[in-house]
Amino acid sequence: MRSRLALPVALIAAVSVAATACQSSSGKDSADPDAKGAPSAASAAADYNPTPYDKIKDGGTYTTVGTFDDQGNPFNVNATLTAARVWAWYNADAITYTPTGEVRYNPDYYSDVKVSVEGGNQKVTLTINPKAVFNDGTPIDWTAIRATWKADNGSDKAYAASSTDGYDRITSVEKGTSAKQAVITFKGVNASWSSLFTTFLHPKAATVGNFNKAYVKKAHPEWGAGPYTVGKWDTHSGNITFVRNPKWWGKKGRLDQRVYVNLESTAAVNAFKNGQLDYVSAVDAESLKQVKGLKGTEIRSGGSPFEYSLYFNTKSPVLADKAVRKAVEESIDRSQIAKIQFQGLDYREPLPGSAVLYSFQKGYEDNVSAVLKYAPDEAKKALDAAGWKSGSDGVRAKDGKKLEVGYTLLGDDPLDKATAGAFAAMLKPVGIRLVIKKADEAEFAGILSDRKFDLFLSGNRSMDPFGARYLCDFYCSDRASNITGAGSPALDEEIRATTGIADLGRQAAAANKVERKALQQYAFLPLFSGPSTYAVKKGLANVGATIFYNPLPETVGWQK
């Protein structure tokens, strides 16, 4: 699926389209983004049964789908949403956000936060709770902040860091008045600095070897901290149980146990119906139909900081040609893809126009529509001009090579298959044959990191509201997270210039301008978001559609 919990990374890759959650249905057929009455912005509603700590029972178990991924370190480029969520249950959740994106500092970690600007450079002073300690007895102090910065700032390319943006603008992390104070100095001003230290690494976890490999199919509770720690991890099944952490210094977790069960998304709905799970994504009309109306169940649905996009591998022989990439994009009717995704759901949204901002956010602009139109006839003309001539079988060819493009399909979800079939049907009249290649969901990380695809549909989830900060992750030519391989040093320079703009409004405007240039590489096409919809057992507190909010683990539980 796609990704984030109270994390430093804004976006983590999602394993499959099936990760999309869709809204409750009232029987209407499909969502047409262009239809009369369609909203100008996607929903920004939250629905998660917000409940104060003192109104939650002491005890109980909370069980959902999840497991330790191949890469469990959320700072690593190969981490997924599941890895991020699991991490947050046994590591620091030091900074969180409200559903609309306001910053919240957790006093159990940061007892005081001061931000100032001196000589045009921003200084952030984090005073760390005197009681804060890692589970192995190491004090949580300024060295954890420094270690996190050094692993993520890009100065040592041996670290497979998810995102260096922001970290690379820090000039120093120094000890303050005591070891319990970290003084962070930036070059210029960074308005989204809080997203860099929502969690942090134990200094021992921040060596190159441990950063890249220690969390591969492993947990390291000794390097963690928080109200819960790992009780049992079944390496055979992939199931994980978290239990209360006896070394925790803050409010104790309300739950006795928090359990992750390793199940495929298609099996999760049945497990929920059988009472094995307390919460499950209602990923499409069929799964929603199965869970809606179940005794003791309620549907929670709201806005979604997810976005699914089509990625083009510009290093593959056929898609190295920009004219072919543009023709593919012009041949795809995004509104039809949205209809497939939202069929049977009473849900509408505008087509997404940006990789980094959502239509419900301030500063959002529809950059996709500014550079691209659905125009299959224009695509045909462009392919003619590029020397791709129609063959007797309807497939174009050039220099004896047919215009065949691969599409990597993960798993066997019916909705994913329908989407792949729609892409093939749209490209066929233009003279492009789509070759659908099936792969296991477990192959996700390798497919992306090794670029073993032509076209690939994947998503990202934003864990914080500072989308413009992540522009480089999508479009910079020297960034591992840019799986398309598109871009240029000149464009990289323009993108990076936006990160130094202190005012968030001006930064968003600059980011929109440069994103329009980046989209003209025709290597990345935003397709849909959809709502976040979940079936939840009644009484479960602080769980559901939260947008940018990720409730602290100790506040999750069962209402009194």
# chains A, B, ... in the order shown; residues from 1 in each chain; ligands from 1

$ residues_around --residues "Lys273 of chain A" --least-positions-apart "4" --cutoff "12 Å" --atoms "only C-alpha atoms" --output "ChimeraX atom specification"
/A:267-269,277-280,282,287-297,535-537

$ select_by_dssp --residues "segment 331-369 of chain A" --states "alpha helix (DSSP H)" --output "list in words"
Ser331, Arg334, Ser335, Gln336, Ile337, Ala338, Lys339, Ile340, Gln341, Phe342, Asn367, Val368 and Ser369 of chain A

$ write_last_selection --atoms "N, CA, C and O atoms" --output "PDB file, in the first residue's frame"
ATOM      1  N   SER A 331      -3.501   9.384 -23.956  1.00  0.00           N
ATOM      2  CA  SER A 331      -4.461   8.333 -24.320  1.00  0.00           C
ATOM      3  C   SER A 331      -5.239   7.812 -23.119  1.00  0.00           C
ATOM      4  O   SER A 331      -6.186   7.034 -23.289  1.00  0.00           O
ATOM      5  N   ARG A 334      -8.444   9.698 -17.471  1.00  0.00           N
ATOM      6  CA  ARG A 334      -8.364   9.565 -16.015  1.00  0.00           C
ATOM      7  C   ARG A 334      -9.739   9.495 -15.360  1.00  0.00           C
ATOM      8  O   ARG A 334      -9.916   8.844 -14.334  1.00  0.00           O
ATOM      9  N   SER A 335     -10.716  10.165 -15.947  1.00  0.00           N
ATOM     10  CA  SER A 335     -12.055  10.138 -15.344  1.00  0.00           C
ATOM     11  C   SER A 335     -12.649   8.726 -15.400  1.00  0.00           C
ATOM     12  O   SER A 335     -13.390   8.320 -14.504  1.00  0.00           O
ATOM     13  N   GLN A 336     -12.300   7.954 -16.436  1.00  0.00           N
ATOM     14  CA  GLN A 336     -12.780   6.567 -16.529  1.00  0.00           C
ATOM     15  C   GLN A 336     -12.098   5.675 -15.484  1.00  0.00           C
ATOM     16  O   GLN A 336     -12.728   4.773 -14.920  1.00  0.00           O
ATOM     17  N   ILE A 337     -10.819   5.936 -15.245  1.00  0.00           N
ATOM     18  CA  ILE A 337     -10.108   5.179 -14.201  1.00  0.00           C
ATOM     19  C   ILE A 337     -10.745   5.474 -12.843  1.00  0.00           C
ATOM     20  O   ILE A 337     -10.957   4.566 -12.025  1.00  0.00           O
ATOM     21  N   ALA A 338     -11.089   6.728 -12.606  1.00  0.00           N
ATOM     22  CA  ALA A 338     -11.753   7.091 -11.346  1.00  0.00           C
ATOM     23  C   ALA A 338     -13.106   6.388 -11.233  1.00  0.00           C
ATOM     24  O   ALA A 338     -13.481   5.917 -10.151  1.00  0.00           O
ATOM     25  N   LYS A 339     -13.837   6.307 -12.340  1.00  0.00           N
ATOM     26  CA  LYS A 339     -15.138   5.619 -12.315  1.00  0.00           C
ATOM     27  C   LYS A 339     -14.985   4.157 -11.901  1.00  0.00           C
ATOM     28  O   LYS A 339     -15.784   3.632 -11.127  1.00  0.00           O
ATOM     29  N   ILE A 340     -13.953   3.516 -12.434  1.00  0.00           N
ATOM     30  CA  ILE A 340     -13.707   2.113 -12.066  1.00  0.00           C
ATOM     31  C   ILE A 340     -13.418   2.010 -10.574  1.00  0.00           C
ATOM     32  O   ILE A 340     -13.960   1.156  -9.869  1.00  0.00           O
ATOM     33  N   GLN A 341     -12.569   2.888 -10.091  1.00  0.00           N
ATOM     34  CA  GLN A 341     -12.183   2.837  -8.679  1.00  0.00           C
ATOM     35  C   GLN A 341     -13.365   3.090  -7.737  1.00  0.00           C
ATOM     36  O   GLN A 341     -13.457   2.491  -6.673  1.00  0.00           O
ATOM     37  N   PHE A 342     -14.238   4.004  -8.127  1.00  0.00           N
ATOM     38  CA  PHE A 342     -15.306   4.436  -7.218  1.00  0.00           C
ATOM     39  C   PHE A 342     -16.676   3.843  -7.578  1.00  0.00           C
ATOM     40  O   PHE A 342     -17.694   4.275  -7.045  1.00  0.00           O
ATOM     41  N   ASN A 367      -2.000  21.324 -11.522  1.00  0.00           N
ATOM     42  CA  ASN A 367      -0.864  21.433 -12.432  1.00  0.00           C
ATOM     43  C   ASN A 367      -0.937  20.435 -13.581  1.00  0.00           C
ATOM     44  O   ASN A 367      -0.427  20.710 -14.664  1.00  0.00           O
ATOM     45  N   VAL A 368      -1.587  19.295 -13.350  1.00  0.00           N
ATOM     46  CA  VAL A 368      -1.703  18.301 -14.426  1.00  0.00           C
ATOM     47  C   VAL A 368      -2.505  18.876 -15.589  1.00  0.00           C
ATOM     48  O   VAL A 368      -2.086  18.809 -16.748  1.00  0.00           O
ATOM     49  N   SER A 369      -3.663  19.464 -15.286  1.00  0.00           N
ATOM     50  CA  SER A 369      -4.511  20.017 -16.357  1.00  0.00           C
ATOM     51  C   SER A 369      -3.836  21.168 -17.090  1.00  0.00           C
ATOM     52  O   SER A 369      -4.164  21.453 -18.242  1.00  0.00           O
TER      53      SER A 369
END

$ closest_residue --among "A:Leu357, A:Leu491, A:Val318, A:Ala523" --to "Leu434 of chain A" --atoms "only C-alpha atoms"
A:Val318

$ closest_residue --among "A:Gly544, A:Pro465, A:Gly406, A:Gly226" --to "Gly302 of chain A" --atoms "only C-alpha atoms"
A:Gly544

$ residues_around --residues "segment 203-206 of chain A" --least-positions-apart "4" --cutoff "9 Å" --atoms "only C-alpha atoms" --output "list in words"
Thr143, Ala144, Ile145, Arg146, Ala147, Thr148, Lys150, Ala151, Asn210, Phe211, Asn212, Ala214, Tyr215, His220 and Trp223 of chain A

$ closest_residue --among "A:Tyr109, A:Tyr374, A:Tyr364, A:Phe68" --to "Ser237 of chain A" --atoms "only C-alpha atoms"
A:Phe68

$ closest_residue --among "A:Lys437, A:Arg104, A:Lys560, A:Arg300" --to "Ser195 of chain A" --atoms "only C-alpha atoms"
A:Arg104

$ residues_around --residues "Lys251 of chain A" --least-positions-apart "4" --cutoff "10 Å" --atoms "only C-alpha atoms" --output "list in words"
Tyr53, Asp108, Gly226, Pro227, Glu554 and Thr555 of chain A

$ write_last_selection --atoms "N, CA, C and O atoms" --output "PDB file, in the first residue's frame"
ATOM      1  N   TYR A  53      -8.530  10.663  26.760  1.00  0.00           N
ATOM      2  CA  TYR A  53      -7.808   9.551  27.396  1.00  0.00           C
ATOM      3  C   TYR A  53      -8.569   8.976  28.585  1.00  0.00           C
ATOM      4  O   TYR A  53      -8.644   7.753  28.758  1.00  0.00           O
ATOM      5  N   ASP A 108       6.019  14.239  26.328  1.00  0.00           N
ATOM      6  CA  ASP A 108       6.746  13.078  26.849  1.00  0.00           C
ATOM      7  C   ASP A 108       8.114  12.929  26.185  1.00  0.00           C
ATOM      8  O   ASP A 108       8.993  12.236  26.713  1.00  0.00           O
ATOM      9  N   GLY A 226       8.614   4.254  24.117  1.00  0.00           N
ATOM     10  CA  GLY A 226       7.199   4.593  24.029  1.00  0.00           C
ATOM     11  C   GLY A 226       6.351   3.753  24.959  1.00  0.00           C
ATOM     12  O   GLY A 226       6.860   2.912  25.704  1.00  0.00           O
ATOM     13  N   PRO A 227       5.041   3.940  24.894  1.00  0.00           N
ATOM     14  CA  PRO A 227       4.136   3.226  25.799  1.00  0.00           C
ATOM     15  C   PRO A 227       4.032   1.735  25.524  1.00  0.00           C
ATOM     16  O   PRO A 227       3.588   0.976  26.380  1.00  0.00           O
ATOM     17  N   GLU A 554      -0.937   5.521  23.035  1.00  0.00           N
ATOM     18  CA  GLU A 554      -1.555   5.388  24.358  1.00  0.00           C
ATOM     19  C   GLU A 554      -2.998   5.874  24.397  1.00  0.00           C
ATOM     20  O   GLU A 554      -3.731   5.592  25.346  1.00  0.00           O
ATOM     21  N   THR A 555      -3.431   6.584  23.350  1.00  0.00           N
ATOM     22  CA  THR A 555      -4.806   7.096  23.312  1.00  0.00           C
ATOM     23  C   THR A 555      -5.749   6.203  22.501  1.00  0.00           C
ATOM     24  O   THR A 555      -6.923   6.510  22.381  1.00  0.00           O
TER      25      THR A 555
END

$ atom_distance --atom1 "atom CA of Gly459 of chain A" --atom2 "atom CA of Gly411 of chain A"
15.2 Å

$ residues_around --residues "Ala518 of chain A" --least-positions-apart "6" --cutoff "9 Å" --atoms "only C-alpha atoms" --output "MDAnalysis selection string"
chainID A and resid 475:476 486:487 491 495 524

$ write_last_selection --atoms "all heavy atoms" --output "mmCIF file, in the first residue's frame"
data_model
loop_
_atom_site.group_PDB
_atom_site.id
_atom_site.type_symbol
_atom_site.label_atom_id
_atom_site.label_comp_id
_atom_site.auth_asym_id
_atom_site.auth_seq_id
_atom_site.Cartn_x
_atom_site.Cartn_y
_atom_site.Cartn_z
ATOM 1 N N TYR A 475 10.487 14.328 -8.308
ATOM 2 C CA TYR A 475 10.935 14.830 -9.607
ATOM 3 C C TYR A 475 12.437 15.060 -9.759
ATOM 4 O O TYR A 475 12.896 15.304 -10.867
ATOM 5 C CB TYR A 475 10.217 16.148 -9.908
ATOM 6 C CG TYR A 475 8.711 16.048 -9.981
ATOM 7 C CD1 TYR A 475 7.892 16.740 -9.085
ATOM 8 C CD2 TYR A 475 8.085 15.270 -10.957
ATOM 9 C CE1 TYR A 475 6.502 16.670 -9.156
ATOM 10 C CE2 TYR A 475 6.702 15.188 -11.034
ATOM 11 C CZ TYR A 475 5.914 15.895 -10.133
ATOM 12 O OH TYR A 475 4.538 15.821 -10.210
ATOM 13 N N CYS A 476 13.236 15.018 -8.678
ATOM 14 C CA CYS A 476 14.672 15.280 -8.828
ATOM 15 C C CYS A 476 15.373 14.083 -9.468
ATOM 16 O O CYS A 476 15.162 12.938 -9.058
ATOM 17 C CB CYS A 476 15.312 15.614 -7.483
ATOM 18 S SG CYS A 476 15.040 17.328 -6.975
ATOM 19 N N ALA A 486 13.249 10.255 -14.404
ATOM 20 C CA ALA A 486 13.156 11.468 -15.225
ATOM 21 C C ALA A 486 13.805 12.648 -14.503
ATOM 22 O O ALA A 486 14.099 12.583 -13.314
ATOM 23 C CB ALA A 486 11.698 11.779 -15.530
ATOM 24 N N GLY A 487 13.981 13.733 -15.246
ATOM 25 C CA GLY A 487 14.499 14.951 -14.652
ATOM 26 C C GLY A 487 15.827 15.364 -15.244
ATOM 27 O O GLY A 487 16.370 14.696 -16.134
ATOM 28 N N LEU A 491 16.552 21.221 -13.793
ATOM 29 C CA LEU A 491 15.250 21.160 -13.116
ATOM 30 C C LEU A 491 15.440 20.902 -11.619
ATOM 31 O O LEU A 491 14.745 21.493 -10.789
ATOM 32 C CB LEU A 491 14.390 20.061 -13.737
ATOM 33 C CG LEU A 491 12.958 19.921 -13.213
ATOM 34 C CD1 LEU A 491 12.157 21.204 -13.447
ATOM 35 C CD2 LEU A 491 12.258 18.737 -13.864
ATOM 36 N N ILE A 495 13.831 23.027 -8.513
ATOM 37 C CA ILE A 495 13.026 22.387 -7.461
ATOM 38 C C ILE A 495 13.612 22.704 -6.093
ATOM 39 O O ILE A 495 12.891 23.086 -5.166
ATOM 40 C CB ILE A 495 12.963 20.859 -7.682
ATOM 41 C CG1 ILE A 495 12.135 20.542 -8.938
ATOM 42 C CG2 ILE A 495 12.372 20.154 -6.470
ATOM 43 C CD1 ILE A 495 12.211 19.085 -9.373
ATOM 44 N N PHE A 524 5.089 10.823 -15.051
ATOM 45 C CA PHE A 524 4.356 10.650 -13.794
ATOM 46 C C PHE A 524 2.961 11.241 -13.979
ATOM 47 O O PHE A 524 2.812 12.386 -14.367
ATOM 48 C CB PHE A 524 5.114 11.395 -12.685
ATOM 49 C CG PHE A 524 4.418 11.417 -11.354
ATOM 50 C CD1 PHE A 524 4.540 10.355 -10.479
ATOM 51 C CD2 PHE A 524 3.650 12.512 -10.976
ATOM 52 C CE1 PHE A 524 3.898 10.378 -9.246
ATOM 53 C CE2 PHE A 524 3.017 12.546 -9.753
ATOM 54 C CZ PHE A 524 3.138 11.475 -8.890
#

$ residues_around --residues "segment 418-432 of chain A" --least-positions-apart "2" --cutoff "8 Å" --atoms "only C-alpha atoms" --output "list of chain:residue names"
A:Val328, A:Ser331, A:Ile332, A:Asp333, A:Ile337, A:Ile340, A:Gln341, A:Pro376, A:Asp377, A:Ala379, A:Lys380, A:Ser390, A:Gly394, A:Val395, A:Arg396, A:Leu403, A:Glu404, A:Val405, A:Tyr407, A:Leu409, A:Pro414, A:Leu415, A:Asp416, A:Leu434, A:Val435, A:Ile436

$ closest_residue --among "A:Ser354, A:Ser309, A:Gln559, A:Thr64" --to "Thr51 of chain A" --atoms "only C-alpha atoms"
A:Gln559

$ residues_around --residues "Glu307 of chain A" --least-positions-apart "4" --cutoff "6 Å" --atoms "only C-alpha atoms" --output "NGL selection string"
:A and (459-460 or 528-529)

$ atom_distance --atom1 "atom CA of Gly154 of chain A" --atom2 "atom CA of Pro489 of chain A"
16.3 Å

$ atom_distance --atom1 "atom CA of Gly101 of chain A" --atom2 "atom CA of Asp492 of chain A"
27.3 Å

$ select_by_dssp --residues "segment 243-422 of chain A" --states "strand (DSSP E or B)" --output "PyMOL selection string"
chain A and resi 243-244+257-261+279-281+297-302+306-312+389-390+396-398+401-402+404-410

$ write_last_selection --atoms "N, CA and C atoms" --output "tab-separated table (two decimals), in the first residue's frame"
chain	number	residue	atom	x	y	z
A	243	VAL	N	2.98	-5.01	23.55
A	243	VAL	CA	2.48	-5.01	24.92
A	243	VAL	C	2.96	-3.74	25.62
A	244	ARG	N	2.36	-3.43	26.75
A	244	ARG	CA	2.79	-2.23	27.49
A	244	ARG	C	4.28	-2.31	27.82
A	257	GLN	N	-2.88	-5.26	24.75
A	257	GLN	CA	-2.16	-5.74	23.58
A	257	GLN	C	-2.62	-5.02	22.32
A	258	ARG	N	-1.69	-4.78	21.43
A	258	ARG	CA	-2.00	-4.28	20.10
A	258	ARG	C	-1.42	-5.31	19.13
A	259	VAL	N	-2.28	-5.95	18.32
A	259	VAL	CA	-1.87	-7.08	17.51
A	259	VAL	C	-1.99	-6.75	16.02
A	260	TYR	N	-0.94	-7.09	15.27
A	260	TYR	CA	-0.98	-7.05	13.81
A	260	TYR	C	-1.00	-8.49	13.29
A	261	VAL	N	-1.93	-8.77	12.38
A	261	VAL	CA	-2.05	-10.10	11.78
A	261	VAL	C	-1.68	-9.98	10.30
A	279	TYR	N	-10.79	-3.70	12.86
A	279	TYR	CA	-10.75	-2.56	11.94
A	279	TYR	C	-10.24	-3.06	10.60
A	280	VAL	N	-10.87	-2.62	9.51
A	280	VAL	CA	-10.40	-3.03	8.19
A	280	VAL	C	-10.74	-1.95	7.17
A	281	SER	N	-9.90	-1.78	6.18
A	281	SER	CA	-10.19	-0.85	5.09
A	281	SER	C	-11.32	-1.41	4.22
A	297	THR	N	-20.82	-3.01	14.23
A	297	THR	CA	-19.84	-2.36	13.33
A	297	THR	C	-20.33	-0.99	12.91
A	298	GLU	N	-19.40	-0.05	12.77
A	298	GLU	CA	-19.76	1.23	12.15
A	298	GLU	C	-18.75	1.56	11.06
A	299	ILE	N	-19.23	2.32	10.07
A	299	ILE	CA	-18.38	2.74	8.95
A	299	ILE	C	-17.89	4.15	9.24
A	300	ARG	N	-16.59	4.33	9.21
A	300	ARG	CA	-15.99	5.65	9.40
A	300	ARG	C	-15.31	6.07	8.11
A	301	SER	N	-15.71	7.23	7.60
A	301	SER	CA	-15.24	7.64	6.28
A	301	SER	C	-14.94	9.13	6.26
A	302	GLY	N	-13.85	9.48	5.60
A	302	GLY	CA	-13.49	10.90	5.52
A	302	GLY	C	-12.49	11.15	4.41
A	306	PHE	N	-4.12	10.12	0.57
A	306	PHE	CA	-3.54	9.13	-0.35
A	306	PHE	C	-3.65	9.68	-1.76
A	307	GLU	N	-2.68	9.29	-2.59
A	307	GLU	CA	-2.84	9.57	-4.02
A	307	GLU	C	-2.15	8.46	-4.81
A	308	TYR	N	-2.87	7.95	-5.80
A	308	TYR	CA	-2.34	6.90	-6.67
A	308	TYR	C	-1.99	7.49	-8.02
A	309	SER	N	-0.82	7.09	-8.52
A	309	SER	CA	-0.30	7.67	-9.76
A	309	SER	C	0.32	6.58	-10.63
A	310	LEU	N	0.42	6.88	-11.92
A	310	LEU	CA	1.06	5.98	-12.87
A	310	LEU	C	2.50	6.45	-13.06
A	311	TYR	N	3.43	5.54	-12.81
A	311	TYR	CA	4.86	5.85	-12.94
A	311	TYR	C	5.40	5.25	-14.24
A	312	PHE	N	6.18	6.04	-14.96
A	312	PHE	CA	6.79	5.63	-16.23
A	312	PHE	C	8.29	5.44	-16.00
A	389	LYS	N	4.66	3.78	-37.01
A	389	LYS	CA	3.65	3.56	-38.04
A	389	LYS	C	2.73	2.40	-37.66
A	390	SER	N	1.44	2.55	-37.99
A	390	SER	CA	0.46	1.49	-37.68
A	390	SER	C	0.74	0.24	-38.50
A	396	ARG	N	1.46	-0.24	-33.56
A	396	ARG	CA	2.48	0.56	-34.24
A	396	ARG	C	3.85	-0.11	-34.15
A	397	ALA	N	4.71	0.24	-35.08
A	397	ALA	CA	6.08	-0.28	-35.08
A	397	ALA	C	7.02	0.77	-35.63
A	398	LYS	N	8.29	0.65	-35.22
A	398	LYS	CA	9.33	1.57	-35.69
A	398	LYS	C	10.64	0.79	-35.74
A	401	LYS	N	10.47	-2.73	-34.59
A	401	LYS	CA	10.12	-3.02	-33.19
A	401	LYS	C	8.70	-2.53	-32.91
A	402	LYS	N	7.87	-3.43	-32.36
A	402	LYS	CA	6.49	-3.07	-32.06
A	402	LYS	C	6.41	-2.15	-30.84
A	404	GLU	N	5.16	-1.91	-27.84
A	404	GLU	CA	4.60	-2.67	-26.73
A	404	GLU	C	5.15	-2.12	-25.42
A	405	VAL	N	4.25	-1.84	-24.49
A	405	VAL	CA	4.62	-1.28	-23.20
A	405	VAL	C	4.17	-2.24	-22.11
A	406	GLY	N	5.08	-2.56	-21.18
A	406	GLY	CA	4.74	-3.44	-20.07
A	406	GLY	C	3.98	-2.72	-18.97
A	407	TYR	N	3.09	-3.44	-18.31
A	407	TYR	CA	2.37	-2.91	-17.14
A	407	TYR	C	2.46	-3.96	-16.04
A	408	THR	N	3.09	-3.62	-14.93
A	408	THR	CA	3.28	-4.58	-13.84
A	408	THR	C	2.08	-4.54	-12.90
A	409	LEU	N	1.44	-5.69	-12.75
A	409	LEU	CA	0.23	-5.81	-11.94
A	409	LEU	C	0.54	-6.65	-10.70
A	410	LEU	N	0.38	-6.07	-9.53
A	410	LEU	CA	0.65	-6.78	-8.28
A	410	LEU	C	-0.60	-7.51	-7.78
